[in-house]
Amino acid sequence: PPPPASSAWRYEFLVLPTKQHCIATSSTVTSVTHSPNRLLLAASSPSPPSFSLLTLLPPYTSLSSTALPGLTSAPTHLSLPPSDSYLALLTAETLTVATVDLSATILTFNASGSPPLSLRWCGDDAVSLLYAGASSAAAVLVGPFGDYKSFTYNSPLMSYRTDPSSLSILLASGESVRITRTPPSIAAVAGVGSVDPAAIVRSACQDFTAGDVNADAAAKTLTPSQLTAAVTTLLSAALSCPDAKDAKSLLSAASYGLTFLRDQRALAGKFRGEARTIRVLMTLRALGLDVCGGELHALGGIGWVVGVLEAMRKHKLLMEVVSYAECSLRLKLRAIEGMAKGMIGGVGGGAGVNETVQKIIGLLKEQGGGRFLPAQFARLSLHAWRAGEEGVAAALNHCEVDRVEQTYAFLDMGMLQHAAEAAARSRNAELLGEVLGKVEAKGGGARDQLIRSLIRDKLPAECLKMKRLEWLYSDRKSLMGLLLAAGMSADAGNVKVADAVRGWEGGGGGKGGAGEEDGAAHLTEAKKVLSIGSDNAAAFMRACVDEQLDLLTEQQQAAKMYGHALLKSEPGDSVVGLVKAIVHQAANDPREATKIFAHADSIARKFKMGEKRYQTAKVRALAETAQWPQLRLMLDGKGGKSVASTDIPAKAAIKWGASKTDQERLIEAVVDKEARYALWYSIEDWKNAARCAREMKDVDRMRECAALCGSKDRGIVEQIISS
């Protein structure tokens with residue numbers, strides 16, 4: 001509950017990702033600041049007057065208090081820098097900068113006078129005081145040694161922002177001001193009396209440009225490491241330099257320094273990349289966007305530039321940027337798409353629809369080398385539709401190869417007939433159902449009419465055979481009637497088959513429950529519907545339904561024999577799944593293994609499983625349940641002759657953790673040398689892998705084994721290879 005009004009308690013709330021804590025202090029909190037790692041509160045107590053700093057650290061359960069001696073008034077502002085290592089504290093008279101734990105004071109600055117609006121850091125070594133008046137604004141930057149610089153503006157302050165290298169101010173007049181700290185790289189190059197290698201190289205380059213024959217002497221005194229550092233510093237300074245002329249001068253100095261390095265490969269690639277970036281920056285600055293290299297990287301690089309130029313509709317300039325910046329193919333295609341949008345905007349000059357569409361397609365093919373972005377034509381068609389060019393929009397969308405994107409574009413444009421045709425060609429029942437839902441929302445019998453027309457035109461024939469047919473039409477009987485009226489008895493029967501599958505997948509009752517009984521009922525009804533048709537498709541589906549009903553009967557009998565809880569076979573499972581579930585039971589009752597395997601054999605014979613398919617399923621079932629003795633007996637006898645010499649048993653043994661001896665025995669039995677080598681390789685048995693490679697006379701594989709084997713086996717492997 002809240003404290004009484006007369007109480008001196010002050011509450012602050014900190015919302016965390018998982019909890020909300022209420023922090024109560026017995027002092028009055030005068031200022032609060034926070035970072036991702038801590039919450040700081042400046043507090044004052046009236047009697048006796050004292051001031052303290054309260055710190056809250058993860059896991060945010062308790063406060064620690066540190067006294068602030070020497071203060072004559074309460075702290076009004078607190079601020080933490082990006083590094084979270086210092087603390088700036090402002091009272092009515094003094095600005096104090098100390099370490100964040102208050103163990104050392106870095107700076108004390110006289111800040112008496114009118115109180116500032118805000119106290120913010122500009123990087124880690126400058127503090128900014130912002131003042132706001134009715135008709136003016138001011139900023140004072142205080143450096144680490146007490147030096148300061150003032151900036152005054154004849155307009156009220158609207159907003160401000162700080163980042164690791166600058167302070168940005170937005171004034172009421174609309175003017176945006178950015179006060180930038182001089183980057184260390186520029187200070188190293190252009191500082192008065194600087195002896196940094198970068199300054200030496202720049203001075204030598206200037207002398208060389210002026211025609212001094214001794215210009216190279218100073219640069220030649222630098223070591224390779226110093227030259228490398230100088231070139232790196234010059235590139236960094238060029239990226240940070242706001243003036244295009246100075247940036248080119250610094251880039252020329254970096255190129256000059258590269259000529260003195262014997263091995264330029266390490267820096268040549270970086271130089272080319274930075275040169276491209278500087279050219280992009282100069283392009284942006286010509287448009288009034290003052291961005292430096294570090295900010296460009298933080299904003300998203302060249303991708304952000306593409307977005308900005310697209311928004312400004314500078315399509316021609318965008319193509320130039322992506323060309324000389326050596327952008328990825330995706331960004332280049334995106335720029336080409338922007339040019340195509342510009343062409344759509346100028347259609348109204350009398351050009352026909354076909355002529356405009358052909359020009360756009362020609363542009364995309366010529367500039368993109370025949371490559372297109374995903375859904376590119378769909379996006380262009382929507383752009384044309386919004387511009388009022390419906391004919392161009394429809395023609396462009398018909399060029400789209402992604403049927404899903406094509407369908408949604410037609411839907412957005414309200415072209416429902418085209419959308420239905422595209423959805424039907426996509427063979428996606430869910431998508432077609434969504435389109436038909438849009439038609440139904442329009443009212444009347446439009447939906448049934450559209451379904452009939454689609455069935456008549458045979459457009460959704462493949463779509464109607466999909467498993468998830470239930471998404472197409474909510475009224476199952478009506479849908480079956482439509483399909484039967486169209487003479488599609490096989491698809492009508494498939495509706496009931498889909499209902500059975502839906503019941504099994506939905507878990508309607510579980511094993512032996514209502515879901516299984518409902519599934520059998522649906523299949524029985526599907527059999528009746530399929531009996532109406534006389535075509536081959538209906539006959540084939542009828543045979544499949546008969547087989548599925550027989551399989552359901554076998555599942556029910558197996559569940560009664562072994563118990564519903566033990567049999568790992570669900571309604572709707574395949575014959576292979578039932579066989580594997582029966583073989584698994586031998587692990588629970590080894591004494592009845594012969595009887596259980598005989599039951600699995602009878603299931604395989606009844607459903608005419610191929611010999612190799614059945615033996616593969618049995619091998620995997622035995623391996624999954626670790627019945628290794630039974631697996632050995634099977635492979636040594638007639639029951640495993642189809643798979644004994646293949647890699648199927650060995651792969652199963654490796655996957656389900658057979659003993660090393662069993663794995664080696666099964667791998668040795670593999671006849672195919674390629675498969676045997678792959679198995680030795682998979683278990684990292686380099687000796688046997690090398691022997692196998694020698695049998696194949698594969699020199700490359702023998703060398704690979706020698707390279708991968710450990711020191712323990714290296715001598716044996718090399719002996720095998722040499723012999």
# chains A, B, ... in the order shown; residues from 1 in each chain; ligands from 1

call {"tool": "residues_around", "arguments": {"residues": "A:Thr152", "least_positions_apart": "5", "cutoff": "7 Å", "atoms": "only C-alpha atoms", "output": "number ranges by chain"}}
result
A: 137-139

call {"tool": "residues_around", "arguments": {"residues": "A:Ala393", "least_positions_apart": "4", "cutoff": "7 Å", "atoms": "only C-alpha atoms", "output": "list in words"}}
result
Ser381, Leu382, Ala384, Trp385, Glu389 and Asn397 of chain A

call {"tool": "write_last_selection", "arguments": {"atoms": "C-alpha atoms", "output": "PDB file, in the first residue's frame"}}
result
ATOM      1  CA  SER A 381       2.205  -5.260 -60.067  1.00  0.00           C
ATOM      2  CA  LEU A 382       1.027  -3.914 -56.714  1.00  0.00           C
ATOM      3  CA  ALA A 384       1.335  -0.342 -60.728  1.00  0.00           C
ATOM      4  CA  TRP A 385      -2.099  -1.001 -59.230  1.00  0.00           C
ATOM      5  CA  GLU A 389      -2.439   1.203 -63.925  1.00  0.00           C
ATOM      6  CA  ASN A 397       1.486 -10.274 -62.036  1.00  0.00           C
TER       7      ASN A 397
END

call {"tool": "atom_distance", "arguments": {"atom1": "atom CA of A:Asn37", "atom2": "atom CA of A:Leu57"}}
result
6.7 Å

call {"tool": "closest_residue", "arguments": {"among": "A:Val619, A:Ser166, A:Met696, A:Lys638", "to": "A:Leu666", "atoms": "only C-alpha atoms"}}
result
A:Val619

call {"tool": "closest_residue", "arguments": {"among": "A:Ser35, A:Ser240, A:Thr228, A:Gln358", "to": "A:Ser255", "atoms": "only C-alpha atoms"}}
result
A:Thr228
